Amino acid sequence: MKYFDLSKLCTLLALAVLASIFLTLSARSVWLDEAMLLKNIIEISNPADFAAPLPYYDQAEPVLASVFFKAVMSVFHYDIRALRLSVLGLSLLMVAPIALLFRQQRWGLFVFLVALIGNSFSTGFHFTELKFYFLEMSGSFLAMLAIREAEEHQDIYWTLLVAALVSLLGFSTLLIAGGLLGYACVWYVTRDDGTQRGYKLSGFVLASACVVLSYVYMKYLTMYQIGNYSTYAAATHLDALKSVLNALLGAYGKALMIVSVIASVTLLFVGKRGYLYNLNLFFCALVGVVIVGKVVGFYPATYPRHVLWLVPMSLVISTFAILLFVRSPRLPLKALGWVMLLLLGLQAGKACYNNLGGETYQYTDNNQLFQYLSQMPASDILVHPNAQPSLEYYQLLDPGLNKHHFFGDSDETTHRRDPTLEMTTLSNDIDRLLAERPSNSVYFLTSHLDLQPGETGVGNLMQRELDQYHCIYTSVLSVTDAELLHLNCRDAL
């Protein structure tokens with residue numbers, strides 16, 4: 001078989017594997033965060049309300065993302081898989097132009113797909129997530145295309161246009177937009193030929209104004225979400241540094257993290273000045289801003305999803321680096337390229353193994369939980385506050401759930417809260433729920449909650465409340481981070 005034919009066959013096989021993983025991811029349950037956000041989208045009927053902080057569960061989302069989900073639901077209603085596939089389809093449209101750049105090299109697209117498969121739990125998960133993170137990753141791909149255009153055509157117009165556009169796509173994309181403005185400024189100072197200066201300066205001013213206004217507006221949209229929860233703050237600079245590094249590791253995985261660091265550091269010293277070199281500088285500058293921003297306190301990067309938008313740049317830079325290194329006549333650099341490819345291959349192999357083994361990549365297996373609940377006889381069921389949003393969404397999907405009598409106690413309206421009282425409020429909600437139970441023998445529905453022995457946080461908090469009312473429970477159904485309990489309590493009603 002010819003070399004080219006083999007590369008093409010391997011690429012098609014990698015595409016099939018990636019499609020299989022994406023289809024698996026698109027079948028997963030709606031979980032707590034998605035259910036809270038979707039409730040807002042469902043309830044909004046006045047177009048002007050999209051431009052305000054969302055009314056339920058302290059949620060926040062850029063306007064374009066909310067409008068997109070509203071439009072998709074107008075077609076597919078509440079079908080989970082159709083919604084996820086719609087998000088995936090739009091995401092892949094953003095990936096395709098960058099992926100096609102690798103077709104210029106014989107094994108380029110295959111190596112890129114291997115990297116993408118290995119990171120499918122992060123990238124693929126959020127390409128099918130019913131939240132706005134897919135737009136933030138799309139912003140990264142658009143930024144890389146803008147820099148490519150600037151390097152190919154020696155102008156900054158696309159860079160300025162994309163900076164203005166991505167500032168509207170997400171919250172973290174404001175950093176991408178700021179980075180593109182910085183890139184345009186450096187390009188103008190170091191490489192401008194003196195032509196059309198008026199147009200270039202006018203474009204820079206307009207793009208900067210758009211980014212600044214977007215920043216002010218995004219602060220307004222997120223004022224409740226960030227202000228109401230203590231998880232976004234860090235006690236010390238060291239805690240902040242640990243937090244952002246853990247977030248990066250969670251978004252990347254160990255193999256891609258190692259490969260990305262090797263690629264970015266090595267590219268600073270080898271290779272020609274050009275697109276890859278400048279893209280890598282752009283990426284390194286953004287990583288520095290994220291880390292410093294978290295430590296100083298102006299960028300609340302706490303969870304992997306907050307830094308996930310950096311991953312597309314690492315996937316692209318690492319792929320280009322591997323292709324460059326393995327073609328090098330210098331043996332150490334060639335060996336380094338093969339080692340990097342091996343690491344990505346191992347990570348991809350693990351993803352394939354998990355997919356073949358039936359791994360569903362679910363945070364919470366609400367599909368199985370509510371399917372079981374729908375088949376039960378009519379019952380009295382207490383609803384844990386964490387389960388309330390998911391229950392409300394699945395009731396729209398399955399009328400069989402409505403035969404039950406649910407008892408919930410959830411303050412779902414968005415308003416200013418004291419972040420130090422977050423767990424106290426949850427404890428009080430559970431306390432009131434148990435105090436007002438209709439009988440001493442009742443079901444208790446939990447979701448996005450792990451009650452396994454030795455767990456901490458909300459799991460132990462609920463156990464303390466159950467002990468207070470002398471309630472013992474048996475597990476009727478236990479799935480991933482969700483459980484249906486049957487309570488028997490000895491305290492008098």
# chains A, B, ... in the order shown; residues from 1 in each chain; ligands from 1

call {"tool": "residues_around", "arguments": {"residues": "A:Leu484", "least_positions_apart": "4", "cutoff": "8 Å", "atoms": "only C-alpha atoms", "output": "list of chain:residue names"}}
result
A:Leu369, A:Tyr443, A:Phe444, A:Leu445, A:Thr446, A:Ser475, A:Val476, A:Leu477, A:Ser478

call {"tool": "write_last_selection", "arguments": {"atoms": "N, CA and C atoms", "output": "mmCIF file, in the first residue's frame"}}
result
data_model
loop_
_atom_site.group_PDB
_atom_site.id
_atom_site.type_symbol
_atom_site.label_atom_id
_atom_site.label_comp_id
_atom_site.auth_asym_id
_atom_site.auth_seq_id
_atom_site.Cartn_x
_atom_site.Cartn_y
_atom_site.Cartn_z
ATOM 1 N N LEU A 369 -32.004 7.512 35.984
ATOM 2 C CA LEU A 369 -32.722 7.841 37.213
ATOM 3 C C LEU A 369 -34.190 8.174 36.927
ATOM 4 N N TYR A 443 -40.014 8.630 49.855
ATOM 5 C CA TYR A 443 -38.853 8.576 48.971
ATOM 6 C C TYR A 443 -38.121 9.922 49.000
ATOM 7 N N PHE A 444 -36.822 9.846 48.714
ATOM 8 C CA PHE A 444 -36.007 11.063 48.634
ATOM 9 C C PHE A 444 -35.175 10.978 47.361
ATOM 10 N N LEU A 445 -35.381 11.964 46.481
ATOM 11 C CA LEU A 445 -34.696 11.991 45.194
ATOM 12 C C LEU A 445 -33.455 12.879 45.283
ATOM 13 N N THR A 446 -32.299 12.316 44.952
ATOM 14 C CA THR A 446 -31.065 13.102 44.921
ATOM 15 C C THR A 446 -30.459 13.032 43.528
ATOM 16 N N SER A 475 -31.236 2.303 49.627
ATOM 17 C CA SER A 475 -31.069 2.793 48.264
ATOM 18 C C SER A 475 -31.933 1.958 47.321
ATOM 19 N N VAL A 476 -32.895 2.626 46.693
ATOM 20 C CA VAL A 476 -33.766 1.949 45.732
ATOM 21 C C VAL A 476 -33.079 1.847 44.377
ATOM 22 N N LEU A 477 -32.405 2.924 43.981
ATOM 23 C CA LEU A 477 -31.649 2.954 42.729
ATOM 24 C C LEU A 477 -30.442 3.858 42.922
ATOM 25 N N SER A 478 -29.266 3.367 42.559
ATOM 26 C CA SER A 478 -28.048 4.171 42.647
ATOM 27 C C SER A 478 -27.354 4.153 41.291
#

call {"tool": "closest_atom_pairs", "arguments": {"of": "stretch 177-284 of chain A", "to": "stretch 54-69 of chain A", "cutoff": "9 Å", "atoms": "only C-alpha atoms", "output": "CSV"}}
result
residue,atom,partner,partner_atom,distance
A:Met218,CA,A:Pro62,CA,7.3
A:Leu221,CA,A:Ala60,CA,6.0
A:Thr222,CA,A:Ala60,CA,5.5
A:Met223,CA,A:Ala60,CA,8.6
A:Tyr224,CA,A:Asp58,CA,5.8
A:Gln225,CA,A:Asp58,CA,5.1
A:Ile226,CA,A:Asp58,CA,8.8
A:Asn228,CA,A:Asp58,CA,7.8

call {"tool": "write_last_selection", "arguments": {"atoms": "N, CA and C atoms", "output": "PDB file, in the first residue's frame"}}
result
ATOM      1  N   MET A 218     -20.492  41.990  29.906  1.00  0.00           N
ATOM      2  CA  MET A 218     -20.330  40.651  30.485  1.00  0.00           C
ATOM      3  C   MET A 218     -20.229  40.729  32.009  1.00  0.00           C
ATOM      4  N   LEU A 221     -23.748  40.818  33.153  1.00  0.00           N
ATOM      5  CA  LEU A 221     -24.445  39.547  33.043  1.00  0.00           C
ATOM      6  C   LEU A 221     -24.027  38.551  34.125  1.00  0.00           C
ATOM      7  N   THR A 222     -22.781  38.634  34.578  1.00  0.00           N
ATOM      8  CA  THR A 222     -22.253  37.650  35.534  1.00  0.00           C
ATOM      9  C   THR A 222     -22.228  38.149  36.966  1.00  0.00           C
ATOM     10  N   MET A 223     -22.829  39.289  37.247  1.00  0.00           N
ATOM     11  CA  MET A 223     -22.672  39.879  38.577  1.00  0.00           C
ATOM     12  C   MET A 223     -23.244  38.994  39.685  1.00  0.00           C
ATOM     13  N   TYR A 224     -24.316  38.249  39.406  1.00  0.00           N
ATOM     14  CA  TYR A 224     -24.876  37.369  40.429  1.00  0.00           C
ATOM     15  C   TYR A 224     -24.107  36.065  40.505  1.00  0.00           C
ATOM     16  N   GLN A 225     -23.768  35.501  39.358  1.00  0.00           N
ATOM     17  CA  GLN A 225     -23.101  34.203  39.353  1.00  0.00           C
ATOM     18  C   GLN A 225     -21.751  34.255  40.064  1.00  0.00           C
ATOM     19  N   ILE A 226     -20.963  35.264  39.769  1.00  0.00           N
ATOM     20  CA  ILE A 226     -19.642  35.369  40.396  1.00  0.00           C
ATOM     21  C   ILE A 226     -19.749  35.877  41.826  1.00  0.00           C
ATOM     22  N   ASN A 228     -22.183  35.585  44.006  1.00  0.00           N
ATOM     23  CA  ASN A 228     -22.952  34.801  44.970  1.00  0.00           C
ATOM     24  C   ASN A 228     -22.249  33.542  45.459  1.00  0.00           C
TER      25      ASN A 228
END

call {"tool": "select_by_dssp", "arguments": {"residues": "stretch 205-441 of chain A", "states": "strand (DSSP E or B)", "output": "PyMOL selection string"}}
result
chain A and resi 380-383+405-408+413+441

call {"tool": "closest_residue", "arguments": {"among": "A:Leu100, A:Leu333, A:Ala52, A:Val307", "to": "A:Leu286", "atoms": "only C-alpha atoms"}}
result
A:Val307

call {"tool": "residues_around", "arguments": {"residues": "A:Cys10", "least_positions_apart": "3", "cutoff": "12 Å", "atoms": "only C-alpha atoms", "output": "PyMOL selection string"}}
result
chain A and resi 3-7+13-17+106-114
